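Next comes entry-v2.txt, a file with compact mmCIF, C-alpha atoms.
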# COMPACT_ATOMS: atom_id res chain seq x y z
CA ARG A 15 -35.40 -4.88 21.65
CA GLU A 16 -33.52 -4.70 24.94
CA THR A 17 -30.84 -2.08 25.36
CA GLU A 18 -27.85 -1.80 27.62
CA ASP A 19 -26.54 1.25 29.41
CA ILE A 20 -23.91 3.21 27.52
CA THR A 21 -20.51 2.17 28.82
CA SER A 22 -18.83 5.46 27.93
CA ALA A 23 -19.68 8.82 26.44
CA GLN A 24 -16.04 9.72 25.86
CA PRO A 25 -14.78 10.34 22.31
CA LEU A 26 -12.93 7.45 20.71
CA TYR A 27 -9.86 9.65 20.26
CA GLY A 28 -8.75 12.81 22.02
CA ALA A 29 -7.70 15.98 20.23
CA GLU A 30 -4.03 15.16 20.80
CA ASP A 31 -4.28 11.57 19.56
CA LEU A 32 -3.00 10.46 16.17
CA VAL A 33 -5.80 8.82 14.17
CA LYS A 34 -4.60 5.92 12.03
CA VAL A 35 -6.68 5.12 8.98
CA SER A 36 -6.36 2.91 5.94
CA PRO A 37 -7.86 3.56 2.50
CA SER A 38 -10.30 0.68 2.98
CA GLN A 39 -11.35 2.06 6.38
CA VAL A 40 -12.11 5.44 4.84
CA GLU A 41 -14.39 3.69 2.36
CA SER A 42 -16.14 1.57 5.02
CA PHE A 43 -16.55 4.58 7.33
CA THR A 44 -18.21 6.64 4.60
CA ASP A 45 -20.53 3.69 3.89
CA CYS A 46 -21.61 3.41 7.55
CA SER A 47 -19.75 4.71 10.59
CA LEU A 48 -21.57 2.31 12.96
CA ARG A 49 -20.54 -0.73 10.94
CA TRP A 50 -16.95 0.57 10.90
CA PHE A 51 -16.96 1.02 14.67
CA LEU A 52 -18.49 -2.36 15.49
CA THR A 53 -16.38 -4.41 13.07
CA ARG A 54 -13.11 -2.80 14.23
CA ASN A 55 -14.03 -3.77 17.80
CA GLY A 56 -14.66 -7.47 17.29
CA GLY A 57 -18.00 -7.46 15.50
CA ASP A 58 -16.83 -8.87 12.18
CA ARG A 59 -17.76 -12.39 11.10
CA PRO A 60 -15.20 -15.22 10.81
CA GLY A 61 -13.33 -15.69 7.56
CA SER A 62 -15.45 -17.13 4.75
CA LEU A 63 -14.75 -19.40 1.79
CA ALA A 64 -14.95 -16.37 -0.52
CA GLN A 65 -12.27 -14.66 1.54
CA SER A 66 -10.08 -17.76 1.37
CA LEU A 67 -10.38 -17.82 -2.42
CA GLY A 68 -9.60 -14.11 -2.50
CA THR A 69 -6.47 -14.69 -0.43
CA ILE A 70 -5.26 -17.36 -2.86
CA ILE A 71 -5.84 -15.15 -5.90
CA HIS A 72 -4.10 -12.18 -4.29
CA ALA A 73 -1.15 -14.44 -3.39
CA ALA A 74 -0.94 -15.49 -7.04
CA ALA A 75 -0.87 -11.83 -8.09
CA GLU A 76 1.91 -11.18 -5.58
CA ASN A 77 4.04 -14.19 -6.54
CA TYR A 78 3.62 -13.89 -10.31
CA PRO A 79 3.43 -10.16 -11.15
CA GLN A 80 4.78 -10.87 -14.65
CA GLY A 81 2.84 -14.10 -15.17
CA PRO A 82 2.78 -16.29 -17.09
CA ALA A 83 -0.84 -17.40 -16.99
CA SER A 84 0.18 -21.06 -16.79
CA ALA A 85 2.15 -20.45 -13.57
CA ILE A 86 -0.77 -18.55 -12.06
CA ARG A 87 -3.15 -21.41 -12.87
CA GLU A 88 -0.78 -23.98 -11.38
CA PHE A 89 -0.31 -21.93 -8.20
CA VAL A 90 -4.05 -21.39 -7.69
CA ASP A 91 -4.81 -25.06 -8.39
CA GLU A 92 -2.27 -26.22 -5.77
CA GLU A 93 -3.37 -23.71 -3.12
CA PHE A 94 -7.02 -24.58 -3.70
CA LYS A 95 -6.31 -28.13 -2.51
CA THR A 96 -5.72 -26.76 1.01
CA LEU A 97 -9.34 -25.61 1.37
CA ASP A 98 -11.93 -27.73 3.18
CA PHE A 99 -15.42 -28.35 1.83
CA ASP A 100 -18.46 -30.15 3.22
CA ALA A 101 -19.42 -31.65 -0.13
CA GLU A 102 -17.62 -32.64 -3.33
CA TRP A 103 -20.08 -30.75 -5.52
CA GLU A 104 -19.23 -27.58 -3.62
CA ARG A 105 -15.53 -28.17 -4.13
CA ASP A 106 -16.06 -28.67 -7.86
CA ARG A 107 -18.14 -25.50 -8.17
CA GLU A 108 -15.63 -23.35 -6.29
CA HIS A 109 -12.69 -24.85 -8.18
CA VAL A 110 -14.25 -23.75 -11.46
CA LEU A 111 -14.66 -20.25 -10.04
CA ALA A 112 -11.07 -20.16 -8.73
CA MET A 113 -9.61 -21.18 -12.08
CA LYS A 114 -11.72 -18.60 -13.91
CA MET A 115 -10.37 -15.91 -11.60
CA ALA A 116 -6.84 -17.20 -12.21
CA ASP A 117 -7.44 -16.94 -15.95
CA ARG A 118 -8.72 -13.39 -15.68
CA LEU A 119 -5.71 -12.41 -13.57
CA GLY A 120 -3.38 -13.92 -16.16
CA GLU A 121 -5.25 -12.11 -18.90
CA TYR A 122 -4.90 -8.78 -17.10
CA ILE A 123 -1.16 -9.23 -16.52
CA LYS A 124 -0.58 -10.22 -20.14
CA ASP A 125 -2.42 -7.15 -21.49
CA SER A 126 -1.38 -4.67 -18.79
CA PRO A 127 -0.38 -1.34 -20.37
CA GLY A 128 1.98 -0.38 -17.54
CA GLU A 129 5.27 -1.80 -16.28
CA PRO A 130 4.86 -3.49 -12.86
CA ILE A 131 7.28 -2.00 -10.34
CA GLY A 132 5.86 -3.37 -7.10
CA VAL A 133 3.30 -5.70 -5.51
CA GLU A 134 1.93 -5.49 -1.96
CA ALA A 135 3.72 -2.15 -1.72
CA GLN A 136 3.23 -0.15 1.46
CA VAL A 137 1.94 3.41 1.28
CA TYR A 138 2.44 5.88 4.11
CA ALA A 139 1.34 9.49 4.58
CA THR A 140 0.69 11.88 7.45
CA GLY A 141 -1.14 15.18 7.74
CA VAL A 142 -3.28 17.43 9.90
CA ASP A 143 -6.88 18.52 9.47
CA GLU A 144 -8.21 22.07 9.64
CA ASN A 145 -8.29 21.81 13.45
CA GLY A 146 -4.63 20.86 13.67
CA GLN A 147 -5.43 17.24 14.54
CA GLU A 148 -3.05 14.63 13.18
CA TRP A 149 -3.85 11.65 11.01
CA LYS A 150 -1.79 8.88 9.43
CA VAL A 151 -2.72 6.81 6.38
CA THR A 152 -1.16 3.38 5.85
CA GLY A 153 -2.13 0.66 3.44
CA ARG A 154 -0.95 -1.95 0.98
CA LEU A 155 -1.27 -1.70 -2.78
CA ASP A 156 -1.98 -4.90 -4.69
CA ARG A 157 0.06 -3.69 -7.64
CA ILE A 158 1.65 -0.48 -8.89
CA GLU A 159 2.63 0.12 -12.49
CA ARG A 160 4.79 2.75 -14.12
CA THR A 161 3.23 4.72 -16.95
CA PRO A 162 4.64 7.72 -18.87
CA GLU A 163 2.48 10.03 -16.72
CA GLY A 164 3.30 8.51 -13.34
CA ILE A 165 2.44 5.64 -10.99
CA ARG A 166 -0.80 3.78 -11.63
CA ILE A 167 -2.54 1.92 -8.79
CA VAL A 168 -4.15 -1.47 -9.45
CA ASP A 169 -6.53 -2.98 -6.90
CA PHE A 170 -7.71 -6.54 -7.57
CA LYS A 171 -11.26 -7.36 -6.49
CA THR A 172 -12.48 -10.95 -6.07
CA GLY A 173 -15.92 -10.19 -4.63
CA LYS A 174 -19.25 -9.92 -6.39
CA ASN A 175 -19.90 -6.20 -5.88
CA THR A 176 -18.82 -3.78 -8.57
CA PRO A 177 -19.11 0.00 -8.24
CA THR A 178 -20.95 1.86 -10.98
CA GLY A 179 -19.11 4.08 -13.40
CA GLN A 180 -20.70 7.10 -11.75
CA GLU A 181 -19.11 6.17 -8.42
CA MET A 182 -15.55 5.94 -9.73
CA PRO A 183 -14.55 9.64 -9.82
CA ARG A 184 -15.11 9.75 -6.04
CA HIS A 185 -14.28 6.16 -5.17
CA ALA A 186 -12.96 6.63 -1.63
CA GLN A 187 -10.41 3.82 -1.42
CA LEU A 188 -8.71 4.62 -4.71
CA GLY A 189 -8.78 8.36 -4.06
CA VAL A 190 -7.14 7.96 -0.64
CA TYR A 191 -4.49 5.68 -2.14
CA GLN A 192 -3.68 8.34 -4.72
CA GLU A 193 -3.54 11.14 -2.15
CA ALA A 194 -1.36 9.06 0.18
CA ILE A 195 1.14 8.43 -2.63
CA ASN A 196 1.17 12.08 -3.68
CA SER A 197 1.72 13.44 -0.17
CA GLY A 198 3.63 10.51 1.31
CA SER A 199 5.80 7.64 0.11
CA ILE A 200 5.71 4.06 -1.15
CA THR A 201 7.89 1.23 0.17
CA ILE A 202 8.52 -1.63 -2.24
CA GLY A 203 9.85 -4.81 -0.68
CA ASP A 204 11.58 -4.36 2.66
CA ASP A 205 13.43 -1.12 2.16
CA GLN A 206 13.04 0.47 -1.29
CA VAL A 207 11.34 3.80 -0.57
CA VAL A 208 9.94 5.57 -3.62
CA ASP A 209 8.74 9.15 -3.82
CA ALA A 210 6.27 9.09 -6.67
CA LYS A 211 3.23 10.73 -8.13
CA ALA A 212 0.01 8.80 -8.67
CA TYR A 213 -1.58 9.22 -12.03
CA GLY A 214 -4.81 7.29 -11.84
CA ALA A 215 -6.03 4.05 -10.33
CA GLU A 216 -8.21 1.14 -11.34
CA LEU A 217 -10.25 -1.68 -9.89
CA VAL A 218 -9.77 -4.99 -11.70
CA PHE A 219 -12.64 -7.45 -11.19
CA LEU A 220 -11.42 -11.04 -11.29
CA ARG A 221 -14.77 -12.75 -11.01
CA TYR A 222 -16.47 -13.25 -14.33
CA THR A 223 -18.65 -10.19 -14.06
CA LYS A 224 -19.68 -8.19 -17.12
CA GLN A 225 -17.34 -5.39 -16.11
CA LYS A 226 -13.63 -6.27 -16.17
CA LYS A 227 -12.31 -3.04 -14.67
CA ARG A 228 -13.21 0.51 -13.75
CA GLU A 229 -10.83 3.44 -13.68
CA GLN A 230 -10.35 6.60 -11.66
CA SER A 231 -8.53 9.55 -13.19
CA ALA A 232 -5.56 11.26 -11.58
CA LEU A 233 -6.54 13.63 -8.78
CA GLU A 234 -4.77 16.54 -10.42
CA ILE A 235 -7.11 16.54 -13.41
CA ASP A 236 -10.27 16.26 -11.30
CA GLU A 237 -12.43 19.39 -11.08
CA ASP A 238 -11.66 19.31 -7.35
CA PRO A 239 -8.09 17.98 -7.00
CA GLY A 240 -8.22 18.19 -3.19
CA TRP A 241 -11.33 16.07 -2.66
CA ALA A 242 -9.44 12.98 -1.40
CA ARG A 243 -7.42 14.94 1.15
CA ASP A 244 -10.60 16.69 2.29
CA LEU A 245 -12.16 13.24 2.71
CA ILE A 246 -9.26 12.05 4.88
CA ASN A 247 -9.57 15.19 7.02
CA ASP A 248 -13.32 14.70 7.38
CA VAL A 249 -13.28 10.97 8.13
CA SER A 250 -10.34 11.11 10.55
CA GLY A 251 -12.13 13.92 12.38
CA ARG A 252 -15.39 11.99 12.63
CA MET A 253 -13.51 8.89 13.81
CA ARG A 254 -12.72 10.89 16.95
CA ALA A 255 -16.41 11.10 17.87
CA ALA A 256 -18.33 9.54 20.74
CA GLU A 257 -21.26 8.53 18.53
CA PHE A 258 -21.32 6.62 15.25
CA PRO A 259 -24.68 6.79 13.48
CA ALA A 260 -25.85 4.06 11.14
CA ARG A 261 -26.46 4.74 7.48
CA VAL A 262 -29.25 2.64 6.00
CA GLU A 263 -28.63 1.39 2.49
CA PRO A 264 -30.71 -1.81 2.05
CA GLN A 265 -28.43 -3.58 -0.43
CA LYS A 266 -25.37 -3.15 1.80
CA CYS A 267 -27.31 -3.62 5.05
CA MET A 268 -28.46 -7.08 3.96
CA SER A 269 -24.85 -8.34 3.92
CA CYS A 270 -23.66 -6.37 6.95
CA PRO A 271 -22.00 -8.65 9.54
CA VAL A 272 -23.31 -6.54 12.46
CA ARG A 273 -26.86 -5.91 11.20
CA THR A 274 -28.41 -7.72 14.19
CA SER A 275 -26.82 -5.10 16.45
CA CYS A 276 -27.98 -2.16 14.37
CA PRO A 277 -30.77 0.05 15.78
CA ALA A 278 -31.53 1.44 12.32
CA ILE A 279 -32.57 -1.87 10.75
CA GLY A 280 -36.16 -2.96 11.27
CA PRO A 281 -37.35 -6.54 11.93
CA LYS A 282 -38.61 -6.96 8.37
CA MET A 283 -35.20 -6.40 6.84
CA LEU A 284 -33.67 -8.88 9.28
CA GLU A 285 -36.31 -11.49 8.37
CA ASP A 286 -35.73 -10.92 4.64
CA SER A 287 -31.97 -11.39 5.07
How does the structure come out when it is put into structure tokens?
Amino acid sequence: RETEDITSAQPLYGAEDLVKVSPSQVESFTDCSLRWFLTRNGGDRPGSLAQSLGTIIHAAAENYPQGPASAIREFVDEEFKTLDFDAEWERDREHVLAMKMADRLGEYIKDSPGEPIGVEAQVYATGVDENGQEWKVTGRLDRIERTPEGIRIVDFKTGKNTPTGQEMPRHAQLGVYQEAINSGSITIGDDQVVDAKAYGAELVFLRYTKQKKREQSALEIDEDPGWARDLINDVSGRMRAAEFPARVEPQKCMSCPVRTSCPAIGPKMLEDS
């Protein structure tokens, strides 16, 4: 495979620079720093049909946080009509999937144990790592609910992948959301700033997978309550580097949008994908 000369050996960020990260970026960086670097610099693939469906479902969750299920179904059905398909059979198949996801969303909202207090809420937090280097975390929360213990984070997932139960105690995205709430603030709507305490988070899977949701406990009751903040410090520090090594994990590599640019993937894996 031909290689090009390195264009720069300078670190991506200097010691005085503020590193901006999002909870999803922390997760993607821990999965593979090379994929994170390439996709944030134009290497990602164009939007897909699955992403378009996901956007519609998330819009339904934002517009109808209290339901009812009938309104969610009607909204998704109308928005689905805006999508283009090459064949009618494909449209029919994806419409069935979209309406099933709408039903599962309506089911979750109906049975939700917490009181919804915000959708698409913005979270903001700042800090410094052990070297005195600054970082800032920003992100949007699909849904936050009030429980007797505190704020509960809800993240809707419309993709096929579901983390295992063993992964949930250290699920990076949810952990960083919780830490950002605990050490920062939430903005609901345009200007309602809320100082709150996160008490747990959950992933809600809206495709008809076997698993409907997986939960992460509050950071304060974890055996290591500071693990999420340590993760932010570590990842923001490594984002300052000049090199971003690839991490080979065949299942994730097969769907990586920049796998053809990855020096760690052999020809056989590319052929299989």
TODO: Tell me, as an NGL selection string, which residues lie within 9 Å of Cys270 of chain A, counting only C-alpha atoms; anything in the same chain fewer than 3 positions away does not count.
DONE: :A and (49 or 58 or 266-267 or 273-274)
Open item on the list: List as a PyMOL selection string the protein and nucleic acid residues near Gly251 of chain A, meaning an atom at most 10 Å away when all atoms listed in the file are counted, but skip any in the same chain fewer than 5 places from it.
Closed with: chain A and resi 27+29+33+142-145+147-149+245-246
Task: Between atom CA of Asn175 of chain A and atom CA of Arg221 of chain A - distance in Å to one decimal - done: 9.8 Å
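Of note, atom CA of Glu159 of chain A and atom CA of Thr178 of chain A are spaced 23.7 Å apart.
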TODO: Tell me, as an NGL selection string, which residues lie within 12 Å of Arg243 of chain A, counting all atoms listed in the file; anything in the same chain fewer than 2 positions away does not count.
DONE: :A and (37 or 40 or 139-144 or 149-151 or 184 or 186-198 or 233-234 or 238-241 or 245-250)
Open item on the list: Rounded to one decimal, what separation in Å do you get between atom CA of Asp156 of chain A and atom CA of Gly128 of chain A?
Closed with: 14.2 Å
TODO: Go through A:Ile279, A:Val218, A:Ala85, A:Ala255 and flag the residue nearest Lys174 of chain A, using all atoms listed in the file for the distances.
DONE: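 When distances to Lys174 of chain A are compared using all atoms listed in the file, the smallest one comes from A:Val218.
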- [ ] Around the point (-3.3, -0.4, 5.5) in the file's coordinates, collect all residues with an atom within 7 Å, using only C-alpha atoms, and return them as a list in words.
- [x]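 Looking at atoms near the point gives Ser36, Pro37, Thr152, Gly153 and Arg154 of chain A.
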- [ ] Find the spatial neighbours of Pro82 of chain A, counting all atoms listed in the file, within a cut-off of 10 Å - ignore same-chain residues fewer than 6 positions away - and output them as a VMD selection string.
- [x] chain A and resid 119 to 121 123 to 124
Open item on the list: Restricting the calculation to only C-alpha atoms: of A:Arg228, A:Glu129, A:Ala212, A:Val207, which residue gets closest to Gly179 of chain A?
Closed with: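 Looking only at the distances to Gly179 of chain A, the closest residue turns out to be A:Arg228.
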Task: Top pick for closest residue to Asn77 of chain A, considering A:Val262, A:Ile200, A:Val133, A:Val272 and counting all atoms listed in the file - done: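 For Asn77 of chain A, the nearest of the given residues is A:Val133.
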Open item on the list: Given only C-alpha atoms as the basis, pick out the residue of A:Ala135, A:Ala23, A:Leu52, A:Ile158 nearest to Asp204 of chain A.
Closed with: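 That would be A:Ala135, the residue with the smallest distance to Asp204 of chain A.
Candidate residues A:Val137, A:Phe94, A:Tyr122, A:Asp244 were compared for distance to Leu217 of chain A, and the nearest is A:Tyr122, using only C-alpha atoms.
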